[in-house]
Structures are given as structure tokens and as C-alpha cells.
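So this block is upload-v8.cif, mmCIF, C-alpha atoms and all ligand atoms:
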```
data_input
loop_
_atom_site.label_atom_id
_atom_site.label_comp_id
_atom_site.auth_asym_id
_atom_site.auth_seq_id
_atom_site.Cartn_x
_atom_site.Cartn_y
_atom_site.Cartn_z
CA MET A 140 -18.88 25.09 19.81
CA ILE A 141 -17.24 23.47 16.79
CA PRO A 142 -18.42 19.85 16.67
CA GLY A 143 -15.69 17.22 16.75
CA VAL A 144 -15.12 14.64 14.08
CA LYS A 145 -13.67 11.14 13.70
CA LEU A 146 -11.68 10.87 10.51
CA VAL A 147 -9.25 8.55 8.78
CA VAL A 148 -7.13 9.98 5.97
CA LEU A 149 -5.60 7.55 3.47
CA GLY A 150 -3.15 8.32 0.69
CA LYS A 151 0.19 7.33 -0.77
CA GLN A 152 3.36 8.62 0.81
CA GLY A 153 3.76 12.18 -0.43
CA ALA A 154 0.04 12.65 -1.08
CA GLY A 155 0.01 15.41 1.54
CA LYS A 156 -1.58 13.42 4.38
CA GLY A 157 0.58 14.93 7.12
CA THR A 158 -0.04 18.53 6.05
CA GLN A 159 -3.75 18.04 5.48
CA CYS A 160 -4.30 16.08 8.71
CA MET A 161 -2.62 18.85 10.68
CA ARG A 162 -4.91 21.41 9.02
CA LEU A 163 -8.02 19.29 9.60
CA SER A 164 -7.09 18.81 13.24
CA HIS A 165 -6.92 22.62 13.66
CA HIS A 166 -10.14 23.16 11.72
CA TYR A 167 -12.20 20.66 13.74
CA VAL A 168 -10.20 21.12 16.96
CA VAL A 169 -9.42 17.44 17.40
CA PRO A 170 -6.10 15.66 18.00
CA HIS A 171 -3.97 14.79 14.98
CA ILE A 172 -2.84 11.21 15.56
CA SER A 173 0.01 10.25 13.26
CA THR A 174 1.46 6.80 13.83
CA GLY A 175 4.56 7.82 11.84
CA ASP A 176 5.10 10.80 14.20
CA MET A 177 4.56 8.54 17.23
CA PHE A 178 7.24 6.15 15.96
CA ARG A 179 9.64 8.99 15.14
CA ALA A 180 9.17 10.39 18.68
CA ALA A 181 9.83 6.91 20.12
CA ILE A 182 13.00 6.59 18.03
CA LYS A 183 14.20 10.03 19.14
CA SER A 184 13.62 9.20 22.79
CA GLY A 185 15.45 5.86 22.44
CA SER A 186 12.54 3.96 24.02
CA PRO A 187 12.25 0.16 23.59
CA LEU A 188 9.48 0.77 21.03
CA GLY A 189 11.74 3.15 19.11
CA ARG A 190 14.62 0.67 19.14
CA LYS A 191 12.32 -2.06 17.84
CA ALA A 192 10.82 0.11 15.09
CA ARG A 193 13.87 2.02 13.85
CA GLU A 194 15.36 -0.47 11.40
CA LEU A 195 12.00 -1.29 9.84
CA ILE A 196 11.06 2.37 9.42
CA ASP A 197 14.41 3.39 7.94
CA ALA A 198 14.09 0.58 5.39
CA GLY A 199 10.56 1.67 4.48
CA GLU A 200 9.01 -1.52 5.92
CA LEU A 201 5.83 -1.58 7.99
CA VAL A 202 5.95 -2.08 11.76
CA SER A 203 4.01 -5.20 12.78
CA ASP A 204 0.24 -4.93 13.10
CA ASP A 205 0.14 -5.97 16.78
CA ILE A 206 2.56 -3.20 17.82
CA VAL A 207 0.72 -0.47 15.86
CA ILE A 208 -2.74 -1.64 16.91
CA ALA A 209 -1.78 -1.59 20.61
CA MET A 210 -0.17 1.85 20.27
CA VAL A 211 -3.27 3.37 18.60
CA ALA A 212 -5.71 1.64 20.97
CA GLU A 213 -3.86 3.19 23.90
CA ARG A 214 -3.93 6.66 22.28
CA LEU A 215 -7.63 6.47 21.37
CA ASN A 216 -8.39 5.71 25.00
CA HIS A 217 -7.36 9.24 26.08
CA ASN A 218 -10.09 11.69 27.07
CA ASP A 219 -9.40 14.17 24.24
CA THR A 220 -10.18 11.64 21.51
CA LYS A 221 -13.13 10.17 23.39
CA SER A 222 -14.81 13.54 23.80
CA ARG A 223 -13.99 15.33 20.52
CA GLY A 224 -12.71 12.73 18.08
CA PHE A 225 -9.52 12.54 16.01
CA VAL A 226 -7.84 12.74 12.65
CA LEU A 227 -5.95 9.50 12.05
CA ASP A 228 -2.90 9.90 9.78
CA GLY A 229 -1.04 6.79 8.61
CA TYR A 230 -3.39 4.39 10.38
CA PRO A 231 -4.86 2.02 9.40
CA ARG A 232 -2.41 0.79 6.80
CA THR A 233 -3.54 -2.82 6.51
CA VAL A 234 -6.93 -4.52 6.50
CA VAL A 235 -6.02 -6.14 9.85
CA GLN A 236 -5.52 -2.66 11.33
CA ALA A 237 -8.78 -1.39 9.79
CA GLN A 238 -10.65 -4.30 11.37
CA ALA A 239 -9.00 -3.60 14.72
CA LEU A 240 -10.08 0.06 14.48
CA ALA A 241 -13.64 -0.97 13.63
CA ASP A 242 -13.65 -3.31 16.65
CA LEU A 243 -12.41 -0.51 18.89
CA LEU A 244 -15.03 2.05 17.85
CA ALA A 245 -18.78 1.79 18.29
CA PRO A 246 -20.59 0.72 15.09
CA GLY A 247 -20.95 3.68 12.70
CA ASP A 248 -18.68 5.78 14.90
CA LEU A 249 -16.20 6.76 12.19
CA ASP A 250 -17.47 9.86 10.36
CA MET A 251 -15.47 9.50 7.18
CA VAL A 252 -12.48 7.93 5.48
CA ALA A 253 -10.93 10.33 2.99
CA GLU A 254 -8.48 9.11 0.39
CA LEU A 255 -6.19 11.82 -0.96
CA VAL A 256 -5.69 10.87 -4.59
CA VAL A 257 -2.41 11.93 -6.21
CA PRO A 258 -0.62 10.38 -9.24
CA THR A 259 2.56 8.43 -8.43
CA SER A 260 4.66 10.69 -10.70
CA LEU A 261 3.75 13.68 -8.51
CA VAL A 262 4.34 11.94 -5.17
CA LEU A 263 7.80 10.87 -6.36
CA LYS A 264 8.63 14.49 -7.14
CA ARG A 265 7.28 15.66 -3.77
CA LEU A 266 9.10 12.96 -1.77
CA ALA A 267 12.48 13.44 -3.45
CA GLY A 268 12.50 17.10 -2.38
CA ARG A 269 10.69 16.72 0.94
CA ARG A 270 12.36 18.07 4.09
CA VAL A 271 10.84 17.79 7.57
CA CYS A 272 11.27 19.62 10.87
CA GLU A 273 12.76 17.16 13.36
CA ASP A 274 10.86 18.76 16.23
CA CYS A 275 7.34 19.68 15.08
CA GLY A 276 7.11 17.58 11.90
CA HIS A 277 6.24 20.52 9.63
CA ASN A 278 6.94 19.66 5.98
CA TYR A 279 9.00 21.74 3.55
CA HIS A 280 10.27 21.15 0.03
CA VAL A 281 13.65 22.06 -1.45
CA SER A 282 11.75 24.40 -3.77
CA ALA A 283 10.10 26.12 -0.76
CA PRO A 284 12.59 25.89 2.14
CA PRO A 285 12.27 27.62 5.54
CA ARG A 286 13.26 31.31 5.57
CA VAL A 287 16.53 30.84 7.47
CA ASP A 288 19.15 28.15 6.89
CA TRP A 289 16.99 24.97 7.24
CA THR A 290 15.62 26.17 10.57
CA CYS A 291 11.89 25.57 10.98
CA ASP A 292 9.82 28.77 10.51
CA ILE A 293 7.34 27.50 13.10
CA CYS A 294 9.36 26.11 15.99
CA GLY A 295 13.04 26.75 15.20
CA GLY A 296 13.83 23.01 14.94
CA GLU A 297 16.29 21.59 12.43
CA VAL A 298 14.79 20.80 9.03
CA VAL A 299 16.21 17.58 7.58
CA GLN A 300 15.57 14.86 5.02
CA ARG A 301 13.78 11.87 6.56
CA GLU A 302 15.89 8.69 6.78
CA ASP A 303 13.14 6.86 4.89
CA ASP A 304 12.96 9.40 2.07
CA THR A 305 15.85 7.71 0.24
CA GLU A 306 15.07 6.42 -3.25
CA ALA A 307 15.12 2.73 -2.22
CA ALA A 308 12.93 3.27 0.85
CA ILE A 309 10.49 5.44 -1.10
CA ARG A 310 10.11 2.70 -3.74
CA ARG A 311 9.55 0.09 -1.02
CA ARG A 312 6.94 2.26 0.76
CA LEU A 313 5.01 2.91 -2.44
CA ASP A 314 5.11 -0.81 -3.19
CA LEU A 315 3.76 -1.59 0.29
CA TYR A 316 1.04 1.03 -0.16
CA GLU A 317 -0.04 -0.69 -3.37
CA HIS A 318 -0.16 -4.15 -1.76
CA GLU A 319 -1.14 -3.54 1.85
CA THR A 320 -2.93 -0.19 2.03
CA ALA A 321 -4.69 0.25 -1.33
CA PRO A 322 -7.05 -2.70 -0.53
CA LEU A 323 -8.35 -0.55 2.34
CA VAL A 324 -9.87 1.81 -0.20
CA ASP A 325 -12.20 -0.97 -1.37
CA TRP A 326 -12.72 -2.16 2.20
CA TYR A 327 -14.04 1.26 3.25
CA ARG A 328 -15.90 1.81 -0.03
CA GLU A 329 -17.86 -1.41 0.57
CA ARG A 330 -18.83 -0.05 3.99
CA GLY A 331 -20.03 3.27 2.52
CA GLN A 332 -17.40 5.28 4.45
CA LEU A 333 -15.02 6.30 1.65
CA VAL A 334 -14.75 9.68 -0.03
CA GLN A 335 -12.01 10.30 -2.61
CA VAL A 336 -10.58 13.80 -2.82
CA SER A 337 -7.96 15.05 -5.25
CA GLY A 338 -4.70 15.91 -3.49
CA VAL A 339 -3.34 17.80 -6.50
CA GLY A 340 -2.91 21.57 -6.24
CA ASN A 341 -1.87 23.86 -3.45
CA ALA A 342 -2.46 22.94 0.19
CA ASP A 343 -5.24 25.53 0.71
CA ALA A 344 -7.22 24.21 -2.25
CA VAL A 345 -6.88 20.60 -1.03
CA THR A 346 -7.96 21.55 2.52
CA ALA A 347 -11.01 23.36 1.12
CA ARG A 348 -11.96 20.24 -0.87
CA LEU A 349 -11.59 18.02 2.21
CA VAL A 350 -13.60 20.31 4.49
CA LYS A 351 -16.36 20.56 1.87
CA ALA A 352 -16.49 16.77 1.57
CA ILE A 353 -16.56 16.30 5.35
CA ASP A 354 -19.15 19.00 6.01
CA SER A 355 -21.43 17.82 3.24
CA ARG A 356 -21.63 14.29 4.64
CA PRO A 357 -24.97 13.53 6.24
CA PRO A 358 -24.81 13.78 10.03
CA PHE A 359 -23.90 10.27 10.93
CA GLY A 360 -21.27 8.43 12.93
CA ARG A 361 -21.47 9.14 16.64
CA PHE A 362 -23.76 12.13 16.09
CA ARG A 363 -26.35 9.93 14.37
CA SER A 364 -26.12 7.28 17.05
CA SER A 365 -25.95 9.66 20.01
CA GLY A 366 -29.70 9.48 20.55
CA LYS A 367 -29.64 13.01 21.97
CA GLY A 368 -32.33 14.33 19.65
CA LYS A 369 -32.55 16.88 16.90
CA GLY A 370 -29.67 19.25 16.30
CA GLN A 371 -26.96 16.96 17.65
CA GLY A 372 -25.78 16.09 14.15
CA LYS A 373 -25.29 19.67 12.97
CA ARG A 374 -21.83 20.67 11.88
P1 LIG A 401 4.61 7.82 7.90
O1 LIG A 401 5.19 9.03 8.54
O2 LIG A 401 3.12 7.72 8.08
O3 LIG A 401 5.03 7.67 6.45
O4 LIG A 401 5.21 6.56 8.68
C1 LIG A 401 6.60 6.31 8.71
C2 LIG A 401 6.86 4.84 8.93
O5 LIG A 401 6.31 4.44 10.20
C3 LIG A 401 6.22 3.91 7.92
O6 LIG A 401 6.97 3.79 6.71
C4 LIG A 401 6.18 2.62 8.72
O7 LIG A 401 7.45 2.04 8.80
C5 LIG A 401 5.82 3.10 10.13
N1 LIG A 401 4.35 3.14 10.28
C6 LIG A 401 3.59 4.25 10.48
N2 LIG A 401 2.29 3.92 10.59
C7 LIG A 401 2.23 2.57 10.45
C8 LIG A 401 1.17 1.63 10.45
N3 LIG A 401 -0.11 2.02 10.59
N4 LIG A 401 1.47 0.32 10.28
C9 LIG A 401 2.74 -0.09 10.15
N5 LIG A 401 3.80 0.76 10.12
C10 LIG A 401 3.56 2.08 10.27
#
```

Just give me the structure of the file as C-alpha cells.
Ligand code: AMP
Amino acid sequence: MIPGVKLVVLGKQGAGKGTQCMRLSHHYVVPHISTGDMFRAAIKSGSPLGRKARELIDAGELVSDDIVIAMVAERLNHNDTKSRGFVLDGYPRTVVQAQALADLLAPGDLDMVAELVVPTSLVLKRLAGRRVCEDCGHNYHVSAPPRVDWTCDICGGEVVQREDDTEAAIRRRLDLYEHETAPLVDWYRERGQLVQVSGVGNADAVTARLVKAIDSRPPFGRFRSSGKGKGQGKR
């Protein structure tokens, strides 16, 4: 059986987090938990959470810590994440959220925090041309559109530009990343959990780098603390 994994992936908007987290979730057979996708689904369904979050998200602002923390805590309480783990995409985004995640998990339970490192000039180029399937969230770029008339190759959904991929919202989100999320890199580095991986190049090459970094980590996290004897930490 493929062992599960508990991962956090950090990176600026446009660093390729969504694509890479989806690939990692298939590779390790664990749920891909994207707080951005959860909010977009809530907005689409018109739920009270979606109504509360919509304006903030469209403007590129962050949703308040208490709302996001409660939403993730509820999701991490499901059986799939408890038994196999998760790939967290877009969470945590503030030190308060990182502390809440640490409080939620057993000590040493997170296997790795990977930061996808990409220069700002490249993420701006990626974001300006980014198009997303409204239904499954698959990403495209104007230079590599779906085969047929902005219809998703994977699920047939409509491929559109995200409301928060406007120039003003992109600038605001990158600014927030710098001030709110970048400090997390040091926070996790101090705790010995951070690995930085270049997000430049094609998606296959970036996935290979991530998998190599994850698989070459010593067996730790929940495997180390499982107390089930030799062999439990093998990946
Ligand atoms: P993303 O798809 O990860 O870029 O998220 C889209 C938007 O959802 C963000 O710009 C925020 O407005 C909101 N959001 C997602 N995750 C978080 C989070 N962890 N904390 C606060 N806001 C979030």
C-alpha cells in the first residue's frame, strides 16, 4: 500500500500550488484540501459562508482567520484525512493559522512543509494568462487553452478567468503574501519542517522535484511517532 502523507504546500499566487497539490494528492493517494476551492464552492452554492467570503475574495483580501481555521478543522476531522493524511493548499496563510494547525495535529505529525519558489516576474506572467475550470478547478493558460472552445478537457466545465485574477486583486494578493504568508517560511524553517523547491519549469519537472524532496525526508511525522515498530516509516 502507498503510505499516506501530511503535507503543507506554500507559495505565491501563481507558483503552481494548485496544480502541484493535485498531482501530489494523486501520487500519495490523500485528499487535496484547498481552502480557495472550498470558498469558491461555497460562493457557487450561495451558502452563508460563500456570501460572507465573496467580496473579500474578489478583492484579493484574506478571509478572517477564525472562519478559515474552523473550516479546515472541520475538514481535517473527516476519516479520510485522519487515516491517510492530506495535502493542504492555501492553508495556512498566516502565523495564526499555522499555530492553529500545529495545535490541531499531534506534535511532529506534519511530514513536510514545501515552499514552491518562483520569481514574482514569472508569477505575474502566469496569473495574467491563467484560466480555470469553474467545475473541477483545473488550470489552463491562454497560451495552452483547452482543446475545444474554453471547455475543460477533463470534465467539460466552462473555463473562465477567476474574478480575483484582475490586475488590482493580483497585486493585493501578492502584497498580502509578502506580509502575511512569507513569515510562515521562517516559522516552519525554525521548526525544521521547511523544504524549498523551485517551481520554475514544466509541471512534470516540478512534481518530480517535490516527490524527491518528500521521499528523501527521514521517516518522521506520524510514522516516527506511531510506535508500531520497524518498517512503519518506510515510504
Ligand atoms: P486561492 O485559490 O488559494 O488563491 O484562494 C483564493 C482566495 O480565498 C484568497 O485570495 C483568499 O481570499 C481566500 N483564502 C483561501 N485560503 C485562505 C486562507 N488560508 N486564509 C484566508 N483567506 C483564504

Worksheet item: Out of A:Arg214, A:Arg162, A:His277, A:Lys156, which residue has the shortest atom-to-atom distance to Asp228 (chain A) when counting all atoms listed in the file?
Response: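 Nearest candidate to Asp228 (chain A) out of A:Arg214, A:Arg162, A:His277, A:Lys156: A:Lys156.
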
Discussion item. Residues contacting ligand LIG 401 (chain A) - anything with an atom at most 8 Å away, using all atoms listed in the file - can you give me those as number ranges by chain?
Written reply: A: 152, 157, 173-176, 178-179, 192, 195-204, 207-208, 228-233, 236, 303, 312

Go ahead and write the selection's residues with C-alpha atoms as a short mmCIF file (atom, residue, chain, number, x, y, z; two decimals), keeping the file's coordinate frame.
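Contents of the output file again29.cif:
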```
data_model
loop_
_atom_site.label_atom_id
_atom_site.label_comp_id
_atom_site.auth_asym_id
_atom_site.auth_seq_id
_atom_site.Cartn_x
_atom_site.Cartn_y
_atom_site.Cartn_z
CA GLN A 152 3.36 8.62 0.81
CA GLY A 157 0.58 14.93 7.12
CA SER A 173 0.01 10.25 13.26
CA THR A 174 1.46 6.80 13.83
CA GLY A 175 4.56 7.82 11.84
CA ASP A 176 5.10 10.80 14.20
CA PHE A 178 7.24 6.15 15.96
CA ARG A 179 9.64 8.99 15.14
CA ALA A 192 10.82 0.11 15.09
CA LEU A 195 12.00 -1.29 9.84
CA ILE A 196 11.06 2.37 9.42
CA ASP A 197 14.41 3.39 7.94
CA ALA A 198 14.09 0.58 5.39
CA GLY A 199 10.56 1.67 4.48
CA GLU A 200 9.01 -1.52 5.92
CA LEU A 201 5.83 -1.58 7.99
CA VAL A 202 5.95 -2.08 11.76
CA SER A 203 4.01 -5.20 12.78
CA ASP A 204 0.24 -4.93 13.10
CA VAL A 207 0.72 -0.47 15.86
CA ILE A 208 -2.74 -1.64 16.91
CA ASP A 228 -2.90 9.90 9.78
CA GLY A 229 -1.04 6.79 8.61
CA TYR A 230 -3.39 4.39 10.38
CA PRO A 231 -4.86 2.02 9.40
CA ARG A 232 -2.41 0.79 6.80
CA THR A 233 -3.54 -2.82 6.51
CA GLN A 236 -5.52 -2.66 11.33
CA ASP A 303 13.14 6.86 4.89
CA ARG A 312 6.94 2.26 0.76
#
```

Discussion item. Could you tell me how far CA of Thr259 (chain A) sits from CA of Glu306 (chain A), in Å to one decimal place?
Written reply: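 Separation of CA of Glu306 (chain A) and CA of Thr259 (chain A): 13.7 Å.
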
Item to complete: For the point (13.1, 13.3, 1.8) in the file's frame, write as number ranges by chain all residues with an atom no more than 7 Å away, counting all atoms listed in the file.
Response: A: 266-270, 300-301, 304-305

Worksheet item: When you draw a straight line from CA of Thr158 (chain A) to CA of Asp248 (chain A), how long is it in Å?
Response: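 Computed distance, CA of Thr158 (chain A) to CA of Asp248 (chain A), equals 24.3 Å.
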
Item to complete: Between CA of Ile353 (chain A) and CA of Met251 (chain A), measure the distance and give it in Å to one decimal.
Response: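 Between CA of Ile353 (chain A) and CA of Met251 (chain A) the gap works out to 7.1 Å.
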
Item to complete: Please provide as a VMD selection string all residues within 10 Å of Met177 (chain A), with the sequence filter that same-chain residues fewer than 6 positions apart are discarded (counting all atoms listed in the file).
Response: chain A and resid 183 188 to 189 207 210 to 211

Worksheet entry | For Trp326 (chain A), the nearest of the candidates A:Val234, A:Leu243, A:Ala181, A:Leu255, counting all atoms listed in the file |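 Going through A:Val234, A:Leu243, A:Ala181, A:Leu255 one by one, the smallest distance to Trp326 (chain A) is for A:Val234.
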
Discussion item. What's around Val271 (chain A) at 9 Å? Count all atoms listed in the file, leave out sequence neighbours fewer than 5 positions away in its own chain, and write the answer as an MDAnalysis selection string.
Written reply: chainID A and resid 276:280 291 297:301

Worksheet item: What would the list of residues within 7 Å of (9.0, 6.6, -7.6) (file frame) look like as a VMD selection string, if all atoms listed in the file are what count?
Response: chain A and resid 259 to 260 263 309 to 310

Discussion item. Nearest residue to Glu194 (chain A) out of A:Val339, A:Leu146, A:Ala308, A:Leu313, using only C-alpha atoms?
Written reply: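 When distances to Glu194 (chain A) are compared using only C-alpha atoms, the smallest one comes from A:Ala308.
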
Find the smallest box with edges along x, y and z containing every listed atom of region 150-162 of chain A, then add 6 Å on each side and report centre and edge lengths in Å to one decimal, as JSON.
```
{"center_x": -0.6, "center_y": 14.4, "center_z": 4.8, "size_x": 20.7, "size_y": 26.1, "size_z": 23.8}
```

Discussion item. Which residue is closest to Gly331 (chain A)? Choose from A:His165, A:Lys264, A:Arg193, A:Arg356 and count only C-alpha atoms.
Written reply: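 Between A:His165, A:Lys264, A:Arg193, A:Arg356, the residue approaching Gly331 (chain A) most closely is A:Arg356.
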
Practice prompt. Just the residues within 8 Å of Thr346 (chain A), please, counting only C-alpha atoms, with nothing from its chain fewer than 3 positions along; format it as number ranges by chain.
Written response: A: 159, 162-163, 342-343, 349-350

Worksheet item: Of the candidates A:Arg328, A:Arg190, A:His217, A:His166, which one gets nearest to Asp354 (chain A) if we count all atoms listed in the file?
Response: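 Residue with the minimum atom-to-atom distance to Asp354 (chain A): A:His166.
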
Worksheet item: Which one of A:Tyr327, A:Cys272, A:Val168, A:Ala253 sits closest to Lys351 (chain A) if you count all atoms listed in the file?
Response: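 Looking only at the distances to Lys351 (chain A), the closest residue turns out to be A:Ala253.
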